[in-house]
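A.B. asks: Quick one, start22.pdb (PDB, C-alpha atoms, pLDDT in the B column):
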```pdb
ATOM      1  CA  MET A   1     -60.896  55.923  38.661  1.00 87.00           C
ATOM      2  CA  ASN A   2     -62.634  56.285  35.312  1.00 93.00           C
ATOM      3  CA  PHE A   3     -61.298  54.156  32.465  1.00 95.00           C
ATOM      4  CA  LYS A   4     -62.434  53.794  28.875  1.00 96.00           C
ATOM      5  CA  THR A   5     -61.217  52.347  25.603  1.00 97.00           C
ATOM      6  CA  ILE A   6     -61.888  54.367  22.458  1.00 97.00           C
ATOM      7  CA  ASN A   7     -61.644  53.154  18.872  1.00 97.00           C
ATOM      8  CA  PRO A   8     -59.241  55.340  16.885  1.00 98.00           C
ATOM      9  CA  ASP A   9     -60.419  57.440  13.957  1.00 97.00           C
ATOM     10  CA  LYS A  10     -60.329  55.490  10.671  1.00 97.00           C
ATOM     11  CA  SER A  11     -57.624  57.813   9.371  1.00 97.00           C
ATOM     12  CA  ILE A  12     -55.126  56.383  11.890  1.00 98.00           C
ATOM     13  CA  SER A  13     -56.516  52.869  12.458  1.00 97.00           C
ATOM     14  CA  LEU A  14     -53.774  51.355  10.269  1.00 97.00           C
ATOM     15  CA  PHE A  15     -51.219  52.101  12.977  1.00 97.00           C
ATOM     16  CA  VAL A  16     -53.249  52.808  16.158  1.00 98.00           C
ATOM     17  CA  LYS A  17     -54.925  49.825  17.833  1.00 97.00           C
ATOM     18  CA  ASN A  18     -56.761  51.541  20.704  1.00 97.00           C
ATOM     19  CA  ILE A  19     -56.930  54.773  22.653  1.00 98.00           C
ATOM     20  CA  LEU A  20     -57.015  54.317  26.436  1.00 98.00           C
ATOM     21  CA  VAL A  21     -58.127  57.038  28.841  1.00 98.00           C
ATOM     22  CA  PHE A  22     -57.493  56.866  32.596  1.00 97.00           C
ATOM     23  CA  GLU A  23     -58.842  59.657  34.789  1.00 95.00           C
ATOM     24  CA  GLU A  24     -59.152  60.331  38.499  1.00 93.00           C
ATOM     25  CA  THR A  25     -61.069  63.486  39.462  1.00 90.00           C
ATOM     26  CA  GLN A  26     -60.908  62.947  43.227  1.00 87.00           C
ATOM     27  CA  THR A  27     -57.865  63.762  45.351  1.00 85.00           C
ATOM     28  CA  VAL A  28     -56.642  60.279  46.243  1.00 81.00           C
ATOM     29  CA  GLN A  29     -53.533  59.431  48.227  1.00 84.00           C
ATOM     30  CA  LYS A  30     -52.047  57.014  45.715  1.00 92.00           C
ATOM     31  CA  THR A  31     -53.045  55.134  42.566  1.00 94.00           C
ATOM     32  CA  ILE A  32     -51.058  52.147  41.307  1.00 95.00           C
ATOM     33  CA  LEU A  33     -51.713  50.985  37.733  1.00 95.00           C
ATOM     34  CA  PRO A  34     -50.023  47.702  36.749  1.00 94.00           C
ATOM     35  CA  PHE A  35     -48.965  47.156  33.136  1.00 95.00           C
ATOM     36  CA  PHE A  36     -47.902  43.879  31.536  1.00 96.00           C
ATOM     37  CA  ALA A  37     -46.544  42.842  28.152  1.00 97.00           C
ATOM     38  CA  ASP A  38     -49.185  43.254  25.440  1.00 97.00           C
ATOM     39  CA  GLY A  39     -47.125  43.550  22.244  1.00 97.00           C
ATOM     40  CA  TYR A  40     -47.963  47.189  21.605  1.00 98.00           C
ATOM     41  CA  PRO A  41     -45.754  50.210  22.164  1.00 98.00           C
ATOM     42  CA  GLY A  42     -47.529  53.503  22.668  1.00 97.00           C
ATOM     43  CA  LEU A  43     -47.643  57.239  22.973  1.00 97.00           C
ATOM     44  CA  MET A  44     -48.741  58.588  26.370  1.00 97.00           C
ATOM     45  CA  PHE A  45     -49.779  62.061  27.450  1.00 96.00           C
ATOM     46  CA  GLN A  46     -50.041  62.532  31.199  1.00 95.00           C
ATOM     47  CA  GLU A  47     -51.232  65.355  33.420  1.00 95.00           C
ATOM     48  CA  THR A  48     -50.736  64.739  37.131  1.00 94.00           C
ATOM     49  CA  GLU A  49     -50.483  66.755  40.334  1.00 91.00           C
ATOM     50  CA  LYS A  50     -47.204  65.273  41.568  1.00 90.00           C
ATOM     51  CA  GLY A  51     -45.810  63.474  38.559  1.00 94.00           C
ATOM     52  CA  LEU A  52     -46.002  59.980  37.103  1.00 96.00           C
ATOM     53  CA  LEU A  53     -43.498  57.524  38.596  1.00 96.00           C
ATOM     54  CA  VAL A  54     -42.659  54.231  36.900  1.00 96.00           C
ATOM     55  CA  SER A  55     -41.665  51.357  39.187  1.00 95.00           C
ATOM     56  CA  PRO A  56     -39.321  49.468  39.478  1.00 92.00           C
ATOM     57  CA  HIS A  57     -37.300  51.952  37.375  1.00 89.00           C
ATOM     58  CA  ASN A  58     -38.091  54.710  39.911  1.00 91.00           C
ATOM     59  CA  LYS A  59     -38.285  57.205  37.057  1.00 92.00           C
ATOM     60  CA  LEU A  60     -40.483  60.299  36.743  1.00 94.00           C
ATOM     61  CA  MET A  61     -41.973  60.520  33.258  1.00 95.00           C
ATOM     62  CA  PRO A  62     -42.249  63.582  30.994  1.00 94.00           C
ATOM     63  CA  SER A  63     -45.687  64.910  30.005  1.00 94.00           C
ATOM     64  CA  LEU A  64     -45.515  63.319  26.547  1.00 95.00           C
ATOM     65  CA  PHE A  65     -43.480  60.234  25.763  1.00 96.00           C
ATOM     66  CA  LEU A  66     -43.191  57.179  23.570  1.00 97.00           C
ATOM     67  CA  TYR A  67     -42.758  53.795  25.247  1.00 97.00           C
ATOM     68  CA  GLY A  68     -41.519  50.593  23.668  1.00 97.00           C
ATOM     69  CA  GLN A  69     -42.335  46.946  24.217  1.00 97.00           C
ATOM     70  CA  THR A  70     -43.204  46.314  27.869  1.00 95.00           C
ATOM     71  CA  ILE A  71     -41.632  42.928  28.581  1.00 96.00           C
ATOM     72  CA  LYS A  72     -41.087  43.028  32.334  1.00 95.00           C
ATOM     73  CA  PRO A  73     -44.066  44.021  34.536  1.00 95.00           C
ATOM     74  CA  ILE A  74     -44.193  47.661  35.636  1.00 96.00           C
ATOM     75  CA  GLU A  75     -46.406  49.878  37.797  1.00 96.00           C
ATOM     76  CA  LEU A  76     -47.415  53.476  37.235  1.00 97.00           C
ATOM     77  CA  ILE A  77     -47.597  55.267  40.592  1.00 96.00           C
ATOM     78  CA  ILE A  78     -49.561  58.510  40.847  1.00 96.00           C
ATOM     79  CA  GLU A  79     -50.571  60.720  43.764  1.00 93.00           C
ATOM     80  CA  GLY A  80     -53.683  62.912  43.577  1.00 93.00           C
ATOM     81  CA  LYS A  81     -55.777  63.665  40.502  1.00 93.00           C
ATOM     82  CA  TYR A  82     -54.588  62.623  37.062  1.00 95.00           C
ATOM     83  CA  LYS A  83     -55.439  62.266  33.383  1.00 96.00           C
ATOM     84  CA  LEU A  84     -53.660  59.749  31.150  1.00 97.00           C
ATOM     85  CA  ILE A  85     -54.231  59.295  27.417  1.00 98.00           C
ATOM     86  CA  VAL A  86     -52.536  56.339  25.743  1.00 98.00           C
ATOM     87  CA  PHE A  87     -52.443  55.662  21.998  1.00 98.00           C
ATOM     88  CA  GLN A  88     -51.563  51.974  21.577  1.00 98.00           C
ATOM     89  CA  LEU A  89     -49.490  51.663  18.399  1.00 98.00           C
ATOM     90  CA  TYR A  90     -48.992  48.722  16.094  1.00 98.00           C
ATOM     91  CA  PRO A  91     -45.270  48.069  16.577  1.00 97.00           C
ATOM     92  CA  PHE A  92     -44.083  48.368  12.974  1.00 97.00           C
ATOM     93  CA  VAL A  93     -44.227  52.193  13.041  1.00 97.00           C
ATOM     94  CA  LEU A  94     -41.670  53.071  15.728  1.00 95.00           C
ATOM     95  CA  LYS A  95     -38.594  53.440  13.531  1.00 94.00           C
ATOM     96  CA  SER A  96     -40.319  55.156  10.607  1.00 95.00           C
ATOM     97  CA  PHE A  97     -42.484  57.551  12.615  1.00 95.00           C
ATOM     98  CA  PHE A  98     -40.141  58.540  15.426  1.00 94.00           C
ATOM     99  CA  ASN A  99     -36.662  57.672  14.118  1.00 92.00           C
ATOM    100  CA  VAL A 100     -35.924  55.463  17.115  1.00 94.00           C
ATOM    101  CA  THR A 101     -34.404  51.993  17.187  1.00 95.00           C
ATOM    102  CA  ALA A 102     -37.289  49.870  18.472  1.00 96.00           C
ATOM    103  CA  LYS A 103     -35.072  47.529  20.493  1.00 96.00           C
ATOM    104  CA  ASP A 104     -33.478  50.490  22.324  1.00 96.00           C
ATOM    105  CA  ILE A 105     -36.754  51.418  24.013  1.00 96.00           C
ATOM    106  CA  ASN A 106     -37.851  47.934  25.084  1.00 97.00           C
ATOM    107  CA  ASP A 107     -38.874  48.365  28.742  1.00 96.00           C
ATOM    108  CA  GLY A 108     -38.035  52.040  28.263  1.00 95.00           C
ATOM    109  CA  CYS A 109     -39.257  55.287  26.774  1.00 94.00           C
ATOM    110  CA  TYR A 110     -38.375  58.197  24.505  1.00 95.00           C
ATOM    111  CA  ASP A 111     -39.127  61.779  25.517  1.00 94.00           C
ATOM    112  CA  LEU A 112     -41.067  63.265  22.607  1.00 92.00           C
ATOM    113  CA  LYS A 113     -39.782  66.734  23.477  1.00 88.00           C
ATOM    114  CA  GLN A 114     -36.796  65.695  21.378  1.00 86.00           C
ATOM    115  CA  MET A 115     -38.959  65.863  18.249  1.00 84.00           C
ATOM    116  CA  GLU A 116     -39.122  69.005  16.140  1.00 79.00           C
ATOM    117  CA  ASN A 117     -41.908  71.413  17.217  1.00 79.00           C
ATOM    118  CA  ALA A 118     -42.742  69.123  20.168  1.00 83.00           C
ATOM    119  CA  ASN A 119     -42.959  71.987  22.669  1.00 85.00           C
ATOM    120  CA  LEU A 120     -45.641  73.700  20.602  1.00 88.00           C
ATOM    121  CA  PHE A 121     -47.544  70.429  20.355  1.00 90.00           C
ATOM    122  CA  ILE A 122     -47.365  69.837  24.123  1.00 90.00           C
ATOM    123  CA  GLU A 123     -48.482  73.411  24.745  1.00 91.00           C
ATOM    124  CA  LYS A 124     -51.592  72.803  22.613  1.00 93.00           C
ATOM    125  CA  LEU A 125     -52.388  69.707  24.680  1.00 94.00           C
ATOM    126  CA  MET A 126     -51.964  71.552  27.974  1.00 92.00           C
ATOM    127  CA  GLN A 127     -54.300  74.336  26.818  1.00 93.00           C
ATOM    128  CA  LYS A 128     -57.150  71.829  26.499  1.00 93.00           C
ATOM    129  CA  SER A 129     -58.801  70.128  29.463  1.00 90.00           C
ATOM    130  CA  LYS A 130     -61.218  67.700  27.818  1.00 94.00           C
ATOM    131  CA  SER A 131     -59.904  64.292  26.776  1.00 96.00           C
ATOM    132  CA  GLU A 132     -61.761  64.368  23.455  1.00 96.00           C
ATOM    133  CA  ASN A 133     -59.996  67.605  22.458  1.00 97.00           C
ATOM    134  CA  ARG A 134     -56.610  66.180  23.390  1.00 97.00           C
ATOM    135  CA  ILE A 135     -57.341  62.967  21.496  1.00 98.00           C
ATOM    136  CA  GLU A 136     -58.188  65.046  18.424  1.00 97.00           C
ATOM    137  CA  ILE A 137     -54.875  66.938  18.697  1.00 96.00           C
ATOM    138  CA  ILE A 138     -52.825  63.725  19.066  1.00 97.00           C
ATOM    139  CA  THR A 139     -54.755  62.117  16.189  1.00 97.00           C
ATOM    140  CA  LYS A 140     -53.847  65.019  13.885  1.00 95.00           C
ATOM    141  CA  PHE A 141     -50.238  64.871  15.088  1.00 94.00           C
ATOM    142  CA  LEU A 142     -49.930  61.163  14.237  1.00 96.00           C
ATOM    143  CA  LEU A 143     -51.790  61.566  10.945  1.00 97.00           C
ATOM    144  CA  ASN A 144     -49.346  64.282   9.853  1.00 94.00           C
ATOM    145  CA  ILE A 145     -46.431  61.977  10.662  1.00 94.00           C
ATOM    146  CA  PHE A 146     -48.072  59.127   8.734  1.00 97.00           C
ATOM    147  CA  GLN A 147     -48.645  61.283   5.656  1.00 96.00           C
ATOM    148  CA  ALA A 148     -44.987  62.333   5.689  1.00 95.00           C
ATOM    149  CA  LYS A 149     -43.499  58.884   6.451  1.00 95.00           C
ATOM    150  CA  ARG A 150     -45.958  56.386   4.956  1.00 95.00           C
ATOM    151  CA  LYS A 151     -43.554  55.344   2.174  1.00 96.00           C
ATOM    152  CA  THR A 152     -40.948  54.289   4.743  1.00 96.00           C
ATOM    153  CA  LEU A 153     -43.271  51.868   6.593  1.00 97.00           C
ATOM    154  CA  ASP A 154     -42.513  48.156   6.271  1.00 97.00           C
ATOM    155  CA  MET A 155     -45.996  47.030   5.340  1.00 97.00           C
ATOM    156  CA  GLN A 156     -44.963  43.369   5.020  1.00 97.00           C
ATOM    157  CA  ILE A 157     -44.017  43.372   8.697  1.00 98.00           C
ATOM    158  CA  GLY A 158     -47.277  45.188   9.448  1.00 97.00           C
ATOM    159  CA  GLN A 159     -49.114  42.403   7.615  1.00 98.00           C
ATOM    160  CA  ALA A 160     -47.192  39.740   9.541  1.00 98.00           C
ATOM    161  CA  ILE A 161     -48.117  41.365  12.849  1.00 98.00           C
ATOM    162  CA  GLN A 162     -51.793  41.244  11.921  1.00 98.00           C
ATOM    163  CA  ILE A 163     -51.472  37.575  10.901  1.00 98.00           C
ATOM    164  CA  ILE A 164     -49.976  36.746  14.319  1.00 98.00           C
ATOM    165  CA  ILE A 165     -52.757  38.654  16.105  1.00 97.00           C
ATOM    166  CA  ASP A 166     -55.499  37.027  13.988  1.00 97.00           C
ATOM    167  CA  ASN A 167     -54.069  33.593  14.788  1.00 97.00           C
ATOM    168  CA  LYS A 168     -53.806  34.402  18.515  1.00 96.00           C
ATOM    169  CA  GLY A 169     -50.051  33.870  18.435  1.00 96.00           C
ATOM    170  CA  GLN A 170     -50.520  30.258  17.372  1.00 96.00           C
ATOM    171  CA  ILE A 171     -48.853  30.215  13.954  1.00 96.00           C
ATOM    172  CA  SER A 172     -45.346  29.181  12.918  1.00 96.00           C
ATOM    173  CA  ILE A 173     -42.764  31.517  11.431  1.00 97.00           C
ATOM    174  CA  LYS A 174     -42.703  29.344   8.318  1.00 97.00           C
ATOM    175  CA  GLU A 175     -46.455  29.760   7.806  1.00 98.00           C
ATOM    176  CA  ILE A 176     -46.205  33.536   8.200  1.00 98.00           C
ATOM    177  CA  CYS A 177     -43.377  33.741   5.677  1.00 98.00           C
ATOM    178  CA  ASN A 178     -45.344  31.670   3.180  1.00 97.00           C
ATOM    179  CA  LYS A 179     -48.297  34.045   3.514  1.00 97.00           C
ATOM    180  CA  ILE A 180     -46.269  37.217   2.921  1.00 97.00           C
ATOM    181  CA  TYR A 181     -43.801  35.700   0.402  1.00 97.00           C
ATOM    182  CA  ILE A 182     -40.547  36.340   2.227  1.00 96.00           C
ATOM    183  CA  THR A 183     -37.657  34.126   3.367  1.00 97.00           C
ATOM    184  CA  GLU A 184     -37.488  33.240   7.062  1.00 97.00           C
ATOM    185  CA  ARG A 185     -34.037  34.776   7.486  1.00 97.00           C
ATOM    186  CA  THR A 186     -35.084  38.110   5.949  1.00 98.00           C
ATOM    187  CA  PHE A 187     -38.338  38.100   7.890  1.00 98.00           C
ATOM    188  CA  GLU A 188     -36.650  37.530  11.258  1.00 98.00           C
ATOM    189  CA  ARG A 189     -34.133  40.320  10.595  1.00 97.00           C
ATOM    190  CA  ARG A 190     -36.743  42.862   9.490  1.00 98.00           C
ATOM    191  CA  PHE A 191     -39.210  41.955  12.250  1.00 98.00           C
ATOM    192  CA  LEU A 192     -36.603  42.485  14.979  1.00 97.00           C
ATOM    193  CA  LYS A 193     -35.536  45.775  13.374  1.00 97.00           C
ATOM    194  CA  GLU A 194     -39.068  47.205  13.205  1.00 97.00           C
ATOM    195  CA  VAL A 195     -40.642  45.720  16.350  1.00 97.00           C
ATOM    196  CA  GLY A 196     -37.725  45.414  18.772  1.00 97.00           C
ATOM    197  CA  ILE A 197     -38.412  41.776  19.637  1.00 98.00           C
ATOM    198  CA  SER A 198     -38.478  38.570  17.592  1.00 98.00           C
ATOM    199  CA  ALA A 199     -41.636  37.338  15.901  1.00 98.00           C
ATOM    200  CA  LYS A 200     -41.589  34.313  18.213  1.00 97.00           C
ATOM    201  CA  GLN A 201     -41.500  36.521  21.327  1.00 97.00           C
ATOM    202  CA  PHE A 202     -44.262  38.740  19.934  1.00 98.00           C
ATOM    203  CA  SER A 203     -46.407  35.623  19.352  1.00 97.00           C
ATOM    204  CA  THR A 204     -45.727  34.503  22.928  1.00 97.00           C
ATOM    205  CA  ILE A 205     -46.883  37.904  24.225  1.00 97.00           C
ATOM    206  CA  ILE A 206     -50.094  37.748  22.186  1.00 97.00           C
ATOM    207  CA  GLN A 207     -50.785  34.272  23.623  1.00 96.00           C
ATOM    208  CA  PHE A 208     -50.051  35.529  27.132  1.00 96.00           C
ATOM    209  CA  GLN A 209     -52.385  38.514  26.793  1.00 96.00           C
ATOM    210  CA  LEU A 210     -55.292  36.319  25.721  1.00 94.00           C
ATOM    211  CA  SER A 211     -54.702  33.999  28.677  1.00 94.00           C
ATOM    212  CA  LEU A 212     -54.451  37.017  30.998  1.00 94.00           C
ATOM    213  CA  GLN A 213     -57.811  38.328  29.749  1.00 92.00           C
ATOM    214  CA  GLN A 214     -59.417  34.925  30.249  1.00 90.00           C
ATOM    215  CA  LEU A 215     -57.999  34.675  33.781  1.00 90.00           C
ATOM    216  CA  THR A 216     -59.021  38.238  34.685  1.00 87.00           C
ATOM    217  CA  LEU A 217     -62.572  37.766  33.396  1.00 84.00           C
ATOM    218  CA  LYS A 218     -62.790  34.388  35.162  1.00 80.00           C
ATOM    219  CA  ASP A 219     -63.845  32.870  31.839  1.00 74.00           C
ATOM    220  CA  PHE A 220     -62.834  29.305  32.720  1.00 75.00           C
ATOM    221  CA  SER A 221     -63.809  26.366  34.904  1.00 76.00           C
ATOM    222  CA  LYS A 222     -60.294  25.073  35.566  1.00 84.00           C
ATOM    223  CA  LEU A 223     -56.803  26.292  34.754  1.00 86.00           C
ATOM    224  CA  THR A 224     -56.341  23.719  32.013  1.00 88.00           C
ATOM    225  CA  ASP A 225     -59.155  25.467  30.078  1.00 87.00           C
ATOM    226  CA  ILE A 226     -56.895  28.505  29.735  1.00 90.00           C
ATOM    227  CA  VAL A 227     -53.874  26.333  28.952  1.00 90.00           C
ATOM    228  CA  TYR A 228     -55.413  24.541  26.001  1.00 88.00           C
ATOM    229  CA  ASN A 229     -57.601  27.400  24.743  1.00 88.00           C
ATOM    230  CA  ASN A 230     -54.469  29.467  24.224  1.00 90.00           C
ATOM    231  CA  GLY A 231     -52.231  26.862  22.650  1.00 90.00           C
ATOM    232  CA  TYR A 232     -49.856  26.056  25.501  1.00 92.00           C
ATOM    233  CA  ALA A 233     -48.243  22.621  25.457  1.00 89.00           C
ATOM    234  CA  ASP A 234     -49.130  21.937  29.092  1.00 90.00           C
ATOM    235  CA  GLN A 235     -49.892  23.619  32.408  1.00 92.00           C
ATOM    236  CA  SER A 236     -46.258  23.943  33.504  1.00 93.00           C
ATOM    237  CA  HIS A 237     -45.389  25.753  30.268  1.00 93.00           C
ATOM    238  CA  PHE A 238     -48.284  28.179  30.772  1.00 93.00           C
ATOM    239  CA  ILE A 239     -47.294  28.887  34.388  1.00 94.00           C
ATOM    240  CA  LYS A 240     -43.679  29.532  33.337  1.00 94.00           C
ATOM    241  CA  VAL A 241     -44.705  32.034  30.644  1.00 94.00           C
ATOM    242  CA  PHE A 242     -47.285  33.721  32.875  1.00 94.00           C
ATOM    243  CA  LYS A 243     -44.808  34.177  35.717  1.00 95.00           C
ATOM    244  CA  ALA A 244     -42.180  35.581  33.333  1.00 95.00           C
ATOM    245  CA  PHE A 245     -44.538  38.383  32.279  1.00 96.00           C
ATOM    246  CA  THR A 246     -46.320  39.130  35.580  1.00 95.00           C
ATOM    247  CA  GLY A 247     -43.873  38.049  38.271  1.00 94.00           C
ATOM    248  CA  LYS A 248     -46.610  35.826  39.733  1.00 93.00           C
ATOM    249  CA  THR A 249     -48.109  32.405  39.161  1.00 93.00           C
ATOM    250  CA  PRO A 250     -51.659  32.370  37.717  1.00 91.00           C
ATOM    251  CA  LYS A 251     -52.980  31.218  41.112  1.00 88.00           C
ATOM    252  CA  ALA A 252     -51.295  34.082  42.997  1.00 90.00           C
ATOM    253  CA  PHE A 253     -52.368  36.600  40.340  1.00 87.00           C
ATOM    254  CA  LYS A 254     -56.010  35.471  40.491  1.00 77.00           C
TER
END
```
Once you've parsed the file, please lay out its structure as structure tokens.

C.D. replies:
Amino acid sequence: MNFKTINPDKSISLFVKNILVFEETQTVQKTILPFFADGYPGLMFQETEKGLLVSPHNKLMPSLFLYGQTIKPIELIIEGKYKLIVFQLYPFVLKSFFNVTAKDINDGCYDLKQMENANLFIEKLMQKSKSENRIEIITKFLLNIFQAKRKTLDMQIGQAIQIIIDNKGQISIKEICNKIYITERTFERRFLKEVGISAKQFSTIIQFQLSLQQLTLKDFSKLTDIVYNNGYADQSHFIKVFKAFTGKTPKAFK
């Protein structure tokens, strides 16, 4: 499998974190791609020989779809050759851009065929074979939405999300509210509305992702290095959080 991460064009970098491309050009029997909570919803275009199945939901996915917060671990199961393009979105754009309730697509998806002119858009994608051409088409699609909906974006919540990311999930709600000049009650309500999860849960996911990266890269001497580098109170707390998001203990996962 070929995999690469591409930085989005500056015109969409306000709301697109990364572009991920997965491609298999050989006829393989089965590919299983695990996905864990990372805090970012996304838009995915997929072209496969026998369809893209999501486990444990046992659901075949459409060619173009929006997915929400991934909280429980999932696997993408594919047979044969495939091409996947994923635009990771900052989570404050779901409601404004796509007119969906963010919470409703947690651990779920939204078929973008339901959007106006979606069939024409999908047809344009299918007519191209190179990933760079498809990325350009999706970039223009998202930019057009942004230009039409930019005034409806909750930029304070967008700012709060960036503060949480910059602080690696290790910042209190009170501190965030002081930085963006908003009451805690209003902040919690608006964050849940735009993102689909609470600010506290989003912070926990950001912490988890950093610990997952450190574990995967083997960038530690002992497990407690990961625990304290990522702001966990103790090892048992870290193991509990890690198992909640992966279904495995850190030792079993490693």

A.B. asks: From the set A:Leu43, A:Leu66, A:Ile163, A:Val241, which residue has the shortest atom-to-atom contact distance to Thr204 (chain A), counting only C-alpha atoms?

C.D. replies: A:Val241

A.B. asks: Can you build me a table of region 41-121 of chain A residues sitting at most 9 Å from region 23-33 of chain A, with the closest atom pair per residue and its distance in Å to one decimal, using all atoms listed in the file, sorted by chain and residue number, as JSON lines?

C.D. replies:
```
{"residue": "A:Ile74", "atom": "CA", "partner": "A:Leu33", "partner_atom": "CA", "distance": 8.5}
{"residue": "A:Glu75", "atom": "CA", "partner": "A:Leu33", "partner_atom": "CA", "distance": 5.4}
{"residue": "A:Leu76", "atom": "CA", "partner": "A:Leu33", "partner_atom": "CA", "distance": 5.0}
{"residue": "A:Ile77", "atom": "CA", "partner": "A:Ile32", "partner_atom": "CA", "distance": 4.7}
{"residue": "A:Ile78", "atom": "CA", "partner": "A:Thr31", "partner_atom": "CA", "distance": 5.1}
{"residue": "A:Glu79", "atom": "CA", "partner": "A:Lys30", "partner_atom": "CA", "distance": 4.4}
{"residue": "A:Gly80", "atom": "CA", "partner": "A:Thr27", "partner_atom": "CA", "distance": 4.6}
{"residue": "A:Lys81", "atom": "CA", "partner": "A:Glu24", "partner_atom": "CA", "distance": 5.1}
{"residue": "A:Tyr82", "atom": "CA", "partner": "A:Glu24", "partner_atom": "CA", "distance": 5.3}
{"residue": "A:Lys83", "atom": "CA", "partner": "A:Glu23", "partner_atom": "CA", "distance": 4.5}
{"residue": "A:Leu84", "atom": "CA", "partner": "A:Glu23", "partner_atom": "CA", "distance": 6.3}
{"residue": "A:Ile85", "atom": "CA", "partner": "A:Glu23", "partner_atom": "CA", "distance": 8.7}
```

A.B. asks: Might you pull out every residue within 6 Å of region 180-197 of chain A, with only C-alpha atoms counted and same-chain residues fewer than 4 positions away left off, and present them as an MDAnalysis selection string?

C.D. replies: chainID A and resid 91:92 102:103

A.B. asks: Give the padded box for region 102-120 of chain A as AutoDock Vina command-line options: axis-aligned, covering all atoms listed in the file, 4 Å on each side, centre and edge lengths in Å to one decimal.

C.D. replies:
```
--center_x -39.6 --center_y 60.6 --center_z 22.4 --size_x 20.2 --size_y 34.2 --size_z 20.6
```

A.B. asks: For this file, the PyMOL selection byres ((chain A and resi 146) around 12) selects which residues, as a PyMOL selection string?

C.D. replies: chain A and resi 11-16+93-94+96-98+139-145+147-153

A.B. asks: If you measure from CA of Lys72 (chain A) to CA of Asn106 (chain A), what distance in Å do you get, rounded to one decimal?

C.D. replies: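 CA of Asn106 (chain A) lies at a distance of 9.3 Å from CA of Lys72 (chain A).
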